[in-house]
Each structure stands twice: as C-alpha cells, then as structure tokens.
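J.: I am sharing target02.cif, which consists of mmCIF, C-alpha atoms:
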```cif
data_data
loop_
_atom_site.label_atom_id
_atom_site.label_comp_id
_atom_site.auth_asym_id
_atom_site.auth_seq_id
_atom_site.Cartn_x
_atom_site.Cartn_y
_atom_site.Cartn_z
CA MET M 227 -136.46 110.77 106.05
CA THR M 228 -139.37 110.54 103.63
CA THR M 229 -139.13 111.67 100.02
CA ILE M 230 -142.14 113.19 98.23
CA GLN M 231 -142.10 113.25 94.42
CA LEU M 232 -143.80 116.14 92.61
CA LYS M 233 -144.42 116.94 88.95
CA THR M 234 -144.90 120.66 88.43
CA GLY M 235 -146.93 121.99 85.50
CA SER M 236 -145.83 125.57 84.91
CA HIS M 237 -142.86 127.92 85.31
CA ASP M 238 -144.02 129.35 88.63
CA GLN M 239 -146.35 127.27 90.77
CA LEU M 240 -147.09 126.74 94.46
CA ILE M 241 -148.26 123.23 95.36
CA ASP M 242 -149.95 122.54 98.69
CA ILE M 243 -148.11 119.63 100.37
CA THR M 244 -149.72 119.99 103.81
CA ALA M 245 -151.45 116.59 103.58
CA ASP M 246 -148.10 114.90 102.81
CA VAL M 247 -146.47 116.64 105.78
CA ARG M 248 -149.31 115.57 108.10
CA LYS M 249 -149.07 111.96 106.90
CA VAL M 250 -145.28 111.75 107.41
CA ILE M 251 -145.68 113.13 110.93
CA LYS M 252 -148.52 110.71 111.72
CA ASP M 253 -146.60 107.72 110.34
CA SER M 254 -143.48 108.55 112.39
CA ASN M 255 -143.17 107.64 116.04
CA ILE M 256 -142.42 111.26 117.00
CA LYS M 257 -145.05 112.82 119.26
CA ASN M 258 -143.25 116.05 120.22
CA GLY M 259 -140.48 117.70 118.26
CA ILE M 260 -139.67 119.49 115.02
CA CYS M 261 -140.56 118.52 111.46
CA VAL M 262 -138.21 119.78 108.73
CA VAL M 263 -139.51 120.14 105.16
CA TYR M 264 -136.62 120.58 102.70
CA THR M 265 -136.30 120.74 98.94
CA PRO M 266 -132.91 119.83 97.37
CA HIS M 267 -133.34 122.11 94.31
CA THR M 268 -131.73 125.52 93.70
CA THR M 269 -134.64 127.01 91.72
CA ALA M 270 -137.43 125.91 94.07
CA ALA M 271 -138.41 126.67 97.68
CA ILE M 272 -140.65 125.75 100.61
CA THR M 273 -142.97 128.27 102.24
CA ILE M 274 -145.84 128.34 104.72
CA ASN M 275 -148.78 130.60 103.86
CA GLU M 276 -152.54 130.69 103.40
CA ASN M 277 -154.13 127.66 101.73
CA ALA M 278 -157.78 128.70 102.15
CA ASP M 279 -158.13 131.14 99.22
CA PRO M 280 -156.08 129.94 96.19
CA ASP M 281 -155.79 133.56 95.03
CA VAL M 282 -153.21 134.14 97.77
CA ILE M 283 -150.63 131.88 96.13
CA THR M 284 -151.40 133.31 92.68
CA ASP M 285 -150.76 136.76 94.14
CA MET M 286 -147.53 135.50 95.72
CA ILE M 287 -146.23 134.57 92.26
CA THR M 288 -147.43 137.92 90.85
CA GLY M 289 -145.60 139.73 93.64
CA LEU M 290 -142.32 137.87 93.19
CA ASN M 291 -142.41 138.42 89.42
CA SER M 292 -143.07 142.13 89.98
CA LEU M 293 -139.59 142.52 91.50
CA GLY M 294 -138.20 142.79 87.96
CA PHE M 295 -135.49 140.13 88.14
CA GLU M 296 -136.33 138.99 84.58
CA LYS M 297 -135.11 142.29 83.13
CA LEU M 298 -131.64 142.24 84.71
CA PRO M 299 -128.43 141.59 82.72
CA PHE M 300 -127.51 138.32 84.45
CA ARG M 301 -124.36 136.33 83.67
CA HIS M 302 -125.51 132.76 84.43
CA MET M 303 -125.81 131.16 80.96
CA GLU M 304 -128.83 129.00 81.78
CA GLY M 305 -130.93 132.17 81.98
CA ASN M 306 -132.71 131.16 85.17
CA SER M 307 -131.04 133.49 87.66
CA PRO M 308 -134.43 134.99 88.64
CA SER M 309 -135.45 131.45 89.73
CA HIS M 310 -132.30 131.09 91.86
CA LEU M 311 -133.01 134.48 93.45
CA LYS M 312 -136.59 133.55 94.32
CA SER M 313 -135.32 130.28 95.80
CA SER M 314 -132.95 132.07 98.21
CA LEU M 315 -135.49 134.79 99.08
CA ILE M 316 -138.18 132.27 100.06
CA GLY M 317 -135.73 129.62 101.31
CA CYS M 318 -135.41 125.90 100.60
CA SER M 319 -136.79 124.65 103.93
CA GLU M 320 -139.33 125.23 106.69
CA GLN M 321 -139.61 123.89 110.20
CA ILE M 322 -142.89 123.02 111.91
CA ILE M 323 -143.46 122.32 115.60
CA VAL M 324 -145.01 118.89 116.30
CA GLU M 325 -147.17 118.33 119.40
CA ASN M 326 -149.08 115.16 120.21
CA GLY M 327 -148.21 113.76 116.81
CA THR M 328 -149.68 116.66 114.80
CA PRO M 329 -148.12 119.76 113.20
CA VAL M 330 -148.86 122.98 115.07
CA LEU M 331 -149.94 124.99 112.03
CA GLY M 332 -152.11 128.11 112.25
CA THR M 333 -155.76 127.98 111.12
CA TRP M 334 -154.92 129.39 107.68
CA GLN M 335 -151.42 127.98 107.29
CA GLY M 336 -150.50 125.36 104.73
CA VAL M 337 -147.09 124.11 103.59
CA PHE M 338 -146.23 124.79 99.94
CA PHE M 339 -143.61 123.55 97.50
CA CYS M 340 -142.66 126.55 95.33
CA GLU M 341 -141.66 125.89 91.72
CA PHE M 342 -139.76 128.78 90.16
CA ASP M 343 -138.29 127.06 87.07
CA GLY M 344 -140.81 124.48 85.92
CA PRO M 345 -142.27 122.38 84.65
CA ARG M 346 -139.99 119.77 86.23
CA ASN M 347 -139.93 116.64 88.34
CA ARG M 348 -139.12 117.68 91.91
CA LYS M 349 -138.44 116.18 95.33
CA VAL M 350 -139.23 117.24 98.89
CA PHE M 351 -137.56 115.65 101.92
CA ILE M 352 -139.44 115.49 105.23
CA THR M 353 -137.83 114.43 108.49
CA LEU M 354 -138.51 114.74 112.23
CA THR M 355 -136.47 115.17 115.38
CA GLY M 356 -137.92 114.68 118.87
CA LYS M 357 -139.50 111.74 120.65
CA MET Z 188 -121.11 123.95 118.43
CA THR Z 189 -118.29 124.70 116.00
CA THR Z 190 -117.29 128.24 115.03
CA ILE Z 191 -115.98 129.03 111.55
CA GLN Z 192 -114.03 132.27 111.07
CA LEU Z 193 -114.29 134.11 107.75
CA LYS Z 194 -112.65 137.22 106.33
CA THR Z 195 -114.74 138.77 103.59
CA GLY Z 196 -113.16 140.88 100.85
CA SER Z 197 -115.89 143.08 99.41
CA HIS Z 198 -119.17 144.80 100.33
CA ASP Z 199 -121.38 142.03 98.95
CA GLN Z 200 -119.94 138.54 98.68
CA LEU Z 201 -121.17 134.96 98.89
CA ILE Z 202 -118.63 132.47 100.25
CA ASP Z 203 -119.09 128.72 99.77
CA ILE Z 204 -118.81 127.05 103.20
CA THR Z 205 -120.12 123.62 102.15
CA ALA Z 206 -116.79 121.90 102.86
CA ASP Z 207 -116.77 123.33 106.42
CA VAL Z 208 -120.33 122.12 106.99
CA ARG Z 209 -119.47 118.63 105.71
CA LYS Z 210 -116.40 118.47 107.98
CA VAL Z 211 -118.32 119.52 111.11
CA ILE Z 212 -120.97 116.89 110.39
CA LYS Z 213 -118.32 114.20 109.78
CA ASP Z 214 -116.41 115.11 112.96
CA SER Z 215 -119.56 114.95 115.11
CA ASN Z 216 -121.00 111.68 116.33
CA ILE Z 217 -124.40 112.47 114.83
CA LYS Z 218 -125.47 110.04 112.10
CA ASN Z 219 -129.09 111.12 111.63
CA GLY Z 220 -130.53 114.50 112.52
CA ILE Z 221 -130.47 118.18 111.64
CA CYS Z 222 -127.47 120.46 111.11
CA VAL Z 223 -128.04 124.16 111.82
CA VAL Z 224 -125.78 126.75 110.15
CA TYR Z 225 -126.17 130.16 111.83
CA THR Z 226 -124.43 133.51 111.52
CA PRO Z 227 -124.58 135.90 114.52
CA HIS Z 228 -124.37 139.08 112.41
CA THR Z 229 -127.19 141.48 111.48
CA THR Z 230 -125.81 142.46 108.05
CA ALA Z 231 -124.96 138.95 106.84
CA ALA Z 232 -126.93 135.79 106.07
CA ILE Z 233 -126.78 132.08 105.24
CA THR Z 234 -128.31 130.64 102.10
CA ILE Z 235 -128.32 127.40 100.12
CA ASN Z 236 -128.06 127.72 96.34
CA GLU Z 237 -126.07 126.59 93.30
CA ASN Z 238 -122.32 126.26 93.73
CA ALA Z 239 -121.51 124.79 90.29
CA ASP Z 240 -121.52 127.96 88.18
CA PRO Z 241 -120.04 130.92 90.14
CA ASP Z 242 -122.12 133.29 87.98
CA VAL Z 243 -125.21 132.27 89.97
CA ILE Z 244 -123.98 133.91 93.17
CA THR Z 245 -122.78 136.98 91.27
CA ASP Z 246 -126.30 137.25 89.81
CA MET Z 247 -127.78 136.79 93.30
CA ILE Z 248 -125.92 139.91 94.46
CA THR Z 249 -126.96 141.80 91.29
CA GLY Z 250 -130.58 140.83 91.93
CA LEU Z 251 -130.58 141.91 95.58
CA ASN Z 252 -128.94 145.22 94.69
CA SER Z 253 -131.54 145.81 91.96
CA LEU Z 254 -134.27 146.09 94.61
CA GLY Z 255 -133.26 149.74 95.08
CA PHE Z 256 -132.77 149.76 98.87
CA GLU Z 257 -129.70 152.00 98.48
CA LYS Z 258 -131.84 154.89 97.22
CA LEU Z 259 -134.27 154.96 100.15
CA PRO Z 260 -134.31 157.74 102.81
CA PHE Z 261 -133.33 155.51 105.74
CA ARG Z 262 -133.00 156.75 109.33
CA HIS Z 263 -130.35 154.39 110.73
CA MET Z 264 -127.25 156.62 111.03
CA GLU Z 265 -124.73 153.92 110.14
CA GLY Z 266 -126.04 154.01 106.56
CA ASN Z 267 -126.19 150.24 106.19
CA SER Z 268 -129.94 149.66 106.36
CA PRO Z 269 -129.90 147.95 102.92
CA SER Z 270 -127.50 145.38 104.45
CA HIS Z 271 -129.88 144.76 107.38
CA LEU Z 272 -132.76 144.31 104.94
CA LYS Z 273 -130.86 141.78 102.82
CA SER Z 274 -129.95 139.91 106.01
CA SER Z 275 -133.60 139.50 107.03
CA LEU Z 276 -134.77 138.69 103.49
CA ILE Z 277 -132.25 135.86 103.08
CA GLY Z 278 -132.20 134.88 106.78
CA CYS Z 279 -129.36 134.31 109.23
CA SER Z 280 -129.59 130.50 109.33
CA GLU Z 281 -130.25 127.35 107.33
CA GLN Z 282 -131.03 123.80 108.37
CA ILE Z 283 -129.78 120.71 106.57
CA ILE Z 284 -130.96 117.13 107.01
CA VAL Z 285 -128.18 114.68 108.02
CA GLU Z 286 -128.40 110.99 107.07
CA ASN Z 287 -125.68 108.39 107.62
CA GLY Z 288 -123.32 111.14 108.74
CA THR Z 289 -123.59 113.23 105.58
CA PRO Z 290 -125.67 116.31 104.69
CA VAL Z 291 -128.57 115.58 102.34
CA LEU Z 292 -127.87 118.40 99.88
CA GLY Z 293 -129.15 118.41 96.30
CA THR Z 294 -126.73 117.82 93.41
CA TRP Z 295 -126.29 121.55 92.77
CA GLN Z 296 -126.76 122.82 96.33
CA GLY Z 297 -124.00 124.43 98.34
CA VAL Z 298 -124.14 126.35 101.62
CA PHE Z 299 -123.11 130.01 101.42
CA PHE Z 300 -122.19 132.69 103.92
CA CYS Z 301 -123.60 135.97 102.55
CA GLU Z 302 -121.69 139.18 103.31
CA PHE Z 303 -123.81 142.30 102.80
CA ASP Z 304 -121.66 144.88 104.63
CA GLY Z 305 -118.04 143.91 104.12
CA PRO Z 306 -115.19 143.63 104.11
CA ARG Z 307 -115.29 142.33 107.70
CA ASN Z 308 -114.24 139.47 109.93
CA ARG Z 309 -117.23 137.17 110.35
CA LYS Z 310 -118.31 134.05 112.23
CA VAL Z 311 -120.56 131.10 111.40
CA PHE Z 312 -121.84 128.68 114.05
CA ILE Z 313 -122.57 125.08 113.08
CA THR Z 314 -124.32 122.62 115.39
CA LEU Z 315 -126.19 119.32 115.13
CA THR Z 316 -129.13 117.67 116.83
CA GLY Z 317 -129.95 113.98 116.46
CA LYS Z 318 -128.07 110.77 117.23
CA MET A 1 -144.20 124.53 123.74
CA THR A 2 -144.79 127.99 125.16
CA THR A 3 -147.25 130.46 123.64
CA ILE A 4 -146.58 134.21 123.74
CA GLN A 5 -149.53 136.56 123.20
CA LEU A 6 -148.95 139.88 121.46
CA LYS A 7 -151.17 142.85 120.67
CA THR A 8 -149.81 144.84 117.74
CA GLY A 9 -150.57 148.54 117.33
CA SER A 10 -150.09 149.40 113.67
CA HIS A 11 -150.23 147.88 110.17
CA ASP A 12 -146.51 147.16 109.99
CA GLN A 13 -144.59 146.74 113.22
CA LEU A 14 -141.59 144.79 114.50
CA ILE A 15 -141.77 143.83 118.18
CA ASP A 16 -138.66 142.71 120.07
CA ILE A 17 -139.42 139.35 121.73
CA THR A 18 -135.84 138.49 122.70
CA ALA A 19 -136.59 138.64 126.45
CA ASP A 20 -139.48 136.17 126.01
CA VAL A 21 -137.24 133.81 124.07
CA ARG A 22 -134.52 134.01 126.74
CA LYS A 23 -137.06 133.30 129.49
CA VAL A 24 -138.54 130.25 127.73
CA ILE A 25 -135.05 128.84 127.21
CA LYS A 26 -134.10 129.51 130.84
CA ASP A 27 -137.31 127.94 132.17
CA SER A 28 -136.85 124.78 130.07
CA ASN A 29 -134.51 122.01 131.11
CA ILE A 30 -132.65 122.14 127.81
CA LYS A 31 -129.00 123.14 128.14
CA ASN A 32 -127.79 122.43 124.60
CA GLY A 33 -129.95 122.28 121.51
CA ILE A 34 -132.11 124.34 119.18
CA CYS A 35 -134.86 126.82 120.04
CA VAL A 36 -137.57 127.30 117.41
CA VAL A 37 -139.58 130.55 117.35
CA TYR A 38 -142.68 130.18 115.15
CA THR A 39 -145.70 132.34 114.39
CA PRO A 40 -148.90 130.61 113.17
CA HIS A 41 -150.13 133.58 111.13
CA THR A 42 -149.98 134.05 107.33
CA THR A 43 -149.52 137.84 107.39
CA ALA A 44 -146.81 137.96 110.06
CA ALA A 45 -143.24 136.68 110.39
CA ILE A 46 -140.27 136.13 112.69
CA THR A 47 -136.85 137.64 112.01
CA ILE A 48 -133.53 138.16 113.76
CA ASN A 49 -131.88 141.55 113.30
CA GLU A 50 -130.40 144.53 115.18
CA ASN A 51 -132.20 145.59 118.34
CA ALA A 52 -129.73 148.28 119.47
CA ASP A 53 -130.85 151.18 117.25
CA PRO A 54 -134.66 151.19 116.80
CA ASP A 55 -134.21 152.99 113.46
CA VAL A 56 -133.07 149.68 111.94
CA ILE A 57 -136.50 148.08 112.27
CA THR A 58 -138.22 151.25 111.06
CA ASP A 59 -135.97 151.12 108.00
CA MET A 60 -136.79 147.44 107.55
CA ILE A 61 -140.48 148.32 107.22
CA THR A 62 -139.64 151.21 104.86
CA GLY A 63 -137.58 148.85 102.73
CA LEU A 64 -140.25 146.16 102.50
CA ASN A 65 -142.90 148.75 101.61
CA SER A 66 -140.63 150.18 98.90
CA LEU A 67 -140.95 146.92 96.93
CA GLY A 68 -144.25 148.23 95.54
CA PHE A 69 -146.49 145.27 96.36
CA GLU A 70 -149.33 147.65 97.32
CA LYS A 71 -149.68 148.86 93.73
CA LEU A 72 -150.13 145.42 92.13
CA PRO A 73 -153.48 144.16 90.73
CA PHE A 74 -153.91 141.30 93.21
CA ARG A 75 -156.84 138.87 93.14
CA HIS A 76 -157.19 137.96 96.84
CA MET A 77 -160.38 139.73 97.94
CA GLU A 78 -159.20 140.59 101.44
CA GLY A 79 -156.75 143.06 99.92
CA ASN A 80 -153.83 141.99 102.08
CA SER A 81 -151.72 140.10 99.54
CA PRO A 82 -148.72 142.40 100.20
CA SER A 83 -148.85 141.20 103.83
CA HIS A 84 -148.85 137.54 102.72
CA LEU A 85 -145.87 138.24 100.46
CA LYS A 86 -143.87 139.91 103.24
CA SER A 87 -144.67 136.93 105.49
CA SER A 88 -143.19 134.44 103.02
CA LEU A 89 -140.19 136.64 102.18
CA ILE A 90 -139.19 137.03 105.83
CA GLY A 91 -140.48 133.60 106.92
CA CYS A 92 -142.71 132.51 109.79
CA SER A 93 -139.97 130.99 111.97
CA GLU A 94 -136.39 131.27 113.16
CA GLN A 95 -134.07 128.83 114.88
CA ILE A 96 -131.54 129.77 117.54
CA ILE A 97 -128.69 127.64 118.88
CA VAL A 98 -128.81 127.09 122.66
CA GLU A 99 -125.62 126.49 124.66
CA ASN A 100 -125.37 126.22 128.43
CA GLY A 101 -129.01 127.23 128.73
CA THR A 102 -128.68 130.51 126.85
CA PRO A 103 -129.39 131.49 123.22
CA VAL A 104 -126.26 132.01 121.13
CA LEU A 105 -127.28 135.36 119.65
CA GLY A 106 -124.80 137.85 118.21
CA THR A 107 -124.00 141.07 120.09
CA TRP A 108 -126.49 143.10 118.04
CA GLN A 109 -129.04 140.37 117.34
CA GLY A 110 -132.55 140.39 118.73
CA VAL A 111 -135.57 138.24 117.84
CA PHE A 112 -138.53 140.12 116.36
CA PHE A 113 -142.17 139.35 115.73
CA CYS A 114 -143.08 141.06 112.44
CA GLU A 115 -146.63 142.36 112.04
CA PHE A 116 -147.57 143.02 108.40
CA ASP A 117 -151.38 143.28 108.71
CA GLY A 118 -152.13 144.85 112.05
CA PRO A 119 -153.29 145.94 114.45
CA ARG A 120 -154.22 142.42 115.61
CA ASN A 121 -153.89 139.96 118.47
CA ARG A 122 -151.08 137.57 117.60
CA LYS A 123 -149.36 134.46 118.91
CA VAL A 124 -145.79 133.18 118.89
CA PHE A 125 -144.87 129.58 119.71
CA ILE A 126 -141.48 128.81 121.25
CA THR A 127 -140.14 125.29 121.68
CA LEU A 128 -136.78 123.57 122.23
CA THR A 129 -135.12 120.34 121.16
CA GLY A 130 -131.94 119.02 122.76
CA LYS A 131 -131.01 118.01 126.29
#
```
Go ahead and render the structure in this file as structure tokens.
T.:
Amino acid sequence: MTTIQLKTGSHDQLIDITADVRKVIKDSNIKNGICVVYTPHTTAAITINENADPDVITDMITGLNSLGFEKLPFRHMEGNSPSHLKSSLIGCSEQIIVENGTPVLGTWQGVFFCEFDGPRNRKVFITLTGK
Amino acid sequence: MTTIQLKTGSHDQLIDITADVRKVIKDSNIKNGICVVYTPHTTAAITINENADPDVITDMITGLNSLGFEKLPFRHMEGNSPSHLKSSLIGCSEQIIVENGTPVLGTWQGVFFCEFDGPRNRKVFITLTGK
Amino acid sequence: MTTIQLKTGSHDQLIDITADVRKVIKDSNIKNGICVVYTPHTTAAITINENADPDVITDMITGLNSLGFEKLPFRHMEGNSPSHLKSSLIGCSEQIIVENGTPVLGTWQGVFFCEFDGPRNRKVFITLTGK
C-alpha cells in the first residue's frame, strides 16, 4: 500500500491524482489486476471523471453545492454535515482495472481526490491486487 | 463469503457494521488484500462515513430526504422509487484495504449498512481477496 | 478483460447488462473472487438495481433529472456538465462477489450500464480477480 499526501487549498476542490496512480501501478510488480484508490477521510472522496477541460470539475463542485445541503437544519455540531453527505454520495474509493502494468482508463478519464471540507492535509491510499 | 443478518427498525436507518467487518477480516486467513462489503438489496446500500458522532448519520438521512424524491410522479407501482434512487446514489458495496489482517479505515471511518425502505430483514455479504 | 460494446438510443438510458456479466464470469476460470464492471466514459456509469419492473429504471432517470443540474450556469463549453455530475454520483464501476462461478446478486438485482449523454457508442470492461 502506498500513501499519497495532499494539501488542499479551498473548501471544495478536486485534485487530479492520475499521475500518482499511474506511478504506483508502474512501481508495483502487478501486471494484471485491480488498483484500489481509497481516502480514509469522512469529508472527502475519490472520483473518476474528465481531466481534459478543468471546467468540468469546477462544474462538479457547482452541481454538488446546488443540492442545497448547506441550508438544512443539521444536528452534527461541527457544522460540516454537507461535507459528509458529499463524501458518501461520491464515495471514498474507486477501483481501476490494470492490464500490462497500466491502468485501463478511458481517453478522458482521470482520477480525482475530492476535498469537501478544506483546506486540510489529506491522505490517499493506493494498493493493487493481481499478479 | 460471510453473510451478516440485520433487522432494521425504521424506514431510513444507518447501522454501524464495522465490528462485523473487522471480525470477518480477522477470522479469514487474508493478511493483505481487499475486503468487499456488499448488500444484495435494491433499496439499501453500504457506505463508509463517520461513526463517532451519531448525529452525522442522522444528518445523512435528512440530507438524502431533502432531495425531494418523495414528491416526484414515479411510475413504479410499489411506491418505493425514492429508496431505489438512494440505493444507486450511495451504492450497494464498498471496498476496504486490508493490511496485516486489519482494515485500513480512517480514524473517524465506520462501515454502515443503509436501510432506505425498512423496517425489513436484510443481508450483507463480506468477502476478501488477497493472501 | 472482456469488452462489451453498446449502442445507446437516447440521452438518458439504463441498459441491463446482467446477462453479459454472467457470461464473462462463466467463461472465465475464476470460481471464487470479485468481478469488476467498469465503463471508461465520463458521462456514463454502472449501477446495480432492480431489473424486474422496468419502471424502476425509468424512475431512476426521472429522479436524477429532478435534481435540477440542467438549470445551472455551468462553464464547461460542451454543455454536458449534468451528465458528468450524474456519472460521478452513480460511479463508473461496480464490484460483484463471485462464488462457485456465478455472481452473488440479490433476487431483484441486475447490473446496468447508465447512459447520461447519449445516443452514443459505448464500452464496458469486465474483469475478474480470484481463483
């Protein structure tokens, strides 16, 4: 298991970690299998989406914030229940198929760490199964 | 594969199954790999989120119900389309990295069974790959 | 890894690919493990939900469209940011437990390819780990 350290800079932010994922896969001895990308935080997530036009991830944040979670009468005293909700809706992990030592991502797909309660120091765990 | 039986008590309810997941991992012979937690129901889900303050999961239910699915003119005769939607938005499985025979969960992370159409008797399947 | 080719017929459409998944599992030599179903597109997704009453998947599309993403002032010039959002909310992959050479799906569960920006030609990748 490899740990990636991230420092996020704003409350909501998607950070492209595709290069890190590719490097961990390359450095492992796994040629064919599954790569799991996992974040151990409850107000963050991992997603796979377009990394060609940066407007896509800006729009993703706009869309999630449009759901109106910030206006709800939540009970959790820390006040970050909308961040927990976004985390569970997007999910804290992704899996990627590995073939011939490379991730089988689509042409436009990149892997993103999603910050929903930043800025913070964050971690991402990457591991592989296969042979 | 291990099957966990659950009896839910209300229409929407998140039940912490982290202890069950830990036990299945401990009882297996897998030291390093991936643990998959899967529910075979179409109006339930599995998520990973904070299990320290119980208000977080209450707020999670409040947030999902605020999306207004209950007011839509759905066609499915059983009347539980909002439950099916929540199931697909949260997802019916999670994967957890296993190292040295223990799940690599974050400090605040717990694994939850999500009931969206209870009360009912429910099942969760837990299995591991690795060695 | 097996590739399934799909041709979608409308902007939003869920296509039942359970039979394809079953066939790939049967044709592999894996008896016990995990099957990963992954789509390499950024405006599509994979979900597991009811495939008995077709109204359920119609309602799923109605529900996702009710979130109001189409009305937001998005920046991405292609105009399909709502499709990218739906892709990340549902997720581009699912995992299914395999036992004795068959997928451990619930009675009402089917595996669906989700088109959110069709009609298009699409691909789904299916692979297995285990033995």
J.: Please write the residues picked by the PyMOL selection byres ((chain M) within 7 of (chain Z)) on this file as a compact mmCIF listing (two decimals) with C-alpha atoms, in the coordinates of the input.
T.:
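Result file part01.txt:
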```
# COMPACT_ATOMS: atom_id res chain seq x y z
CA PRO M 266 -132.91 119.83 97.37
CA HIS M 267 -133.34 122.11 94.31
CA THR M 268 -131.73 125.52 93.70
CA PHE M 295 -135.49 140.13 88.14
CA PHE M 300 -127.51 138.32 84.45
CA ARG M 301 -124.36 136.33 83.67
CA HIS M 302 -125.51 132.76 84.43
CA SER M 307 -131.04 133.49 87.66
CA LEU M 311 -133.01 134.48 93.45
CA SER M 314 -132.95 132.07 98.21
CA LEU M 315 -135.49 134.79 99.08
CA THR M 355 -136.47 115.17 115.38
```
J.: Atom CA of Ile313 of chain Z and atom CA of Met188 of chain Z are how many Å apart?
T.: 5.7 Å
J.: Run the PyMOL selection byres ((chain Z and resi 208) around 9) against the file shown and list the residues it catches, as a VMD selection string.
T.: chain Z and resid 204 to 207 209 to 213 222 224 290 298 313
J.: To one decimal place, how far is atom CA of Lys257 of chain M from atom CA of Leu128 of chain A in Å?
T.: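 Calculated distance between atom CA of Lys257 of chain M and atom CA of Leu128 of chain A is 13.9 Å.
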J.: Interatomic distance between atom CA of Asp117 of chain A and atom CA of Lys71 of chain A?
T.: 16.1 Å
J.: Can you list what the PyMOL selection byres ((chain Z and resi 305) around 7) grabs from this structure, as a list in words?
T.: Thr195, Gly196, Ser197, His198, Asp199, Glu302, Phe303, Asp304, Pro306 and Arg307 of chain Z
J.: Create the file for the chosen residues now, containing C-alpha atoms and written as a PDB file, keeping the file's coordinate frame.
T.:
```pdb
ATOM      1  CA  THR Z 195    -114.740 138.770 103.590  1.00  0.00           C
ATOM      2  CA  GLY Z 196    -113.160 140.880 100.850  1.00  0.00           C
ATOM      3  CA  SER Z 197    -115.890 143.080  99.410  1.00  0.00           C
ATOM      4  CA  HIS Z 198    -119.170 144.800 100.330  1.00  0.00           C
ATOM      5  CA  ASP Z 199    -121.380 142.030  98.950  1.00  0.00           C
ATOM      6  CA  GLU Z 302    -121.690 139.180 103.310  1.00  0.00           C
ATOM      7  CA  PHE Z 303    -123.810 142.300 102.800  1.00  0.00           C
ATOM      8  CA  ASP Z 304    -121.660 144.880 104.630  1.00  0.00           C
ATOM      9  CA  PRO Z 306    -115.190 143.630 104.110  1.00  0.00           C
ATOM     10  CA  ARG Z 307    -115.290 142.330 107.700  1.00  0.00           C
TER      11      ARG Z 307
END
```
J.: Can you pull segment 242-248 of chain Z out of that block with all heavy atoms and hand it back as a PDB file, in the first residue's frame?
T.:
```pdb
ATOM      1  N   ASP Z 242     -24.957  11.926  15.257  1.00  0.00           N
ATOM      2  CA  ASP Z 242     -25.704  12.942  14.525  1.00  0.00           C
ATOM      3  C   ASP Z 242     -25.333  12.970  13.041  1.00  0.00           C
ATOM      4  O   ASP Z 242     -26.138  13.386  12.206  1.00  0.00           O
ATOM      5  CB  ASP Z 242     -25.453  14.343  15.126  1.00  0.00           C
ATOM      6  CG  ASP Z 242     -26.252  14.561  16.399  1.00  0.00           C
ATOM      7  OD1 ASP Z 242     -27.196  13.791  16.658  1.00  0.00           O
ATOM      8  OD2 ASP Z 242     -25.920  15.503  17.149  1.00  0.00           O
ATOM      9  N   VAL Z 243     -24.130  12.529  12.709  1.00  0.00           N
ATOM     10  CA  VAL Z 243     -23.702  12.557  11.300  1.00  0.00           C
ATOM     11  C   VAL Z 243     -24.612  11.673  10.445  1.00  0.00           C
ATOM     12  O   VAL Z 243     -25.080  12.085   9.385  1.00  0.00           O
ATOM     13  CB  VAL Z 243     -22.225  12.128  11.139  1.00  0.00           C
ATOM     14  CG1 VAL Z 243     -21.872  11.921   9.669  1.00  0.00           C
ATOM     15  CG2 VAL Z 243     -21.295  13.164  11.760  1.00  0.00           C
ATOM     16  N   ILE Z 244     -24.916  10.463  10.938  1.00  0.00           N
ATOM     17  CA  ILE Z 244     -25.745   9.582  10.115  1.00  0.00           C
ATOM     18  C   ILE Z 244     -27.216  10.024  10.104  1.00  0.00           C
ATOM     19  O   ILE Z 244     -27.917   9.835   9.122  1.00  0.00           O
ATOM     20  CB  ILE Z 244     -25.591   8.090  10.499  1.00  0.00           C
ATOM     21  CG1 ILE Z 244     -25.933   7.848  11.962  1.00  0.00           C
ATOM     22  CG2 ILE Z 244     -24.163   7.614  10.204  1.00  0.00           C
ATOM     23  CD1 ILE Z 244     -25.938   6.384  12.340  1.00  0.00           C
ATOM     24  N   THR Z 245     -27.652  10.652  11.190  1.00  0.00           N
ATOM     25  CA  THR Z 245     -28.998  11.245  11.190  1.00  0.00           C
ATOM     26  C   THR Z 245     -29.060  12.340  10.124  1.00  0.00           C
ATOM     27  O   THR Z 245     -30.019  12.420   9.344  1.00  0.00           O
ATOM     28  CB  THR Z 245     -29.313  11.855  12.577  1.00  0.00           C
ATOM     29  OG1 THR Z 245     -29.134  10.845  13.561  1.00  0.00           O
ATOM     30  CG2 THR Z 245     -30.740  12.378  12.637  1.00  0.00           C
ATOM     31  N   ASP Z 246     -28.026  13.171  10.067  1.00  0.00           N
ATOM     32  CA  ASP Z 246     -27.974  14.255   9.075  1.00  0.00           C
ATOM     33  C   ASP Z 246     -27.879  13.708   7.652  1.00  0.00           C
ATOM     34  O   ASP Z 246     -28.403  14.305   6.711  1.00  0.00           O
ATOM     35  CB  ASP Z 246     -26.767  15.163   9.357  1.00  0.00           C
ATOM     36  CG  ASP Z 246     -26.962  16.005  10.617  1.00  0.00           C
ATOM     37  OD1 ASP Z 246     -28.070  15.970  11.188  1.00  0.00           O
ATOM     38  OD2 ASP Z 246     -26.008  16.689  11.018  1.00  0.00           O
ATOM     39  N   MET Z 247     -27.227  12.576   7.501  1.00  0.00           N
ATOM     40  CA  MET Z 247     -27.106  11.930   6.188  1.00  0.00           C
ATOM     41  C   MET Z 247     -28.506  11.573   5.658  1.00  0.00           C
ATOM     42  O   MET Z 247     -28.825  11.818   4.494  1.00  0.00           O
ATOM     43  CB  MET Z 247     -26.281  10.649   6.344  1.00  0.00           C
ATOM     44  CG  MET Z 247     -25.706  10.132   5.086  1.00  0.00           C
ATOM     45  SD  MET Z 247     -24.076  10.806   4.810  1.00  0.00           S
ATOM     46  CE  MET Z 247     -23.141   9.874   5.998  1.00  0.00           C
ATOM     47  N   ILE Z 248     -29.335  11.034   6.531  1.00  0.00           N
ATOM     48  CA  ILE Z 248     -30.707  10.683   6.152  1.00  0.00           C
ATOM     49  C   ILE Z 248     -31.506  11.950   5.844  1.00  0.00           C
ATOM     50  O   ILE Z 248     -32.219  12.027   4.835  1.00  0.00           O
ATOM     51  CB  ILE Z 248     -31.377   9.849   7.280  1.00  0.00           C
ATOM     52  CG1 ILE Z 248     -30.685   8.484   7.389  1.00  0.00           C
ATOM     53  CG2 ILE Z 248     -32.873   9.694   7.028  1.00  0.00           C
ATOM     54  CD1 ILE Z 248     -31.040   7.677   8.626  1.00  0.00           C
TER      55      ILE Z 248
END
```
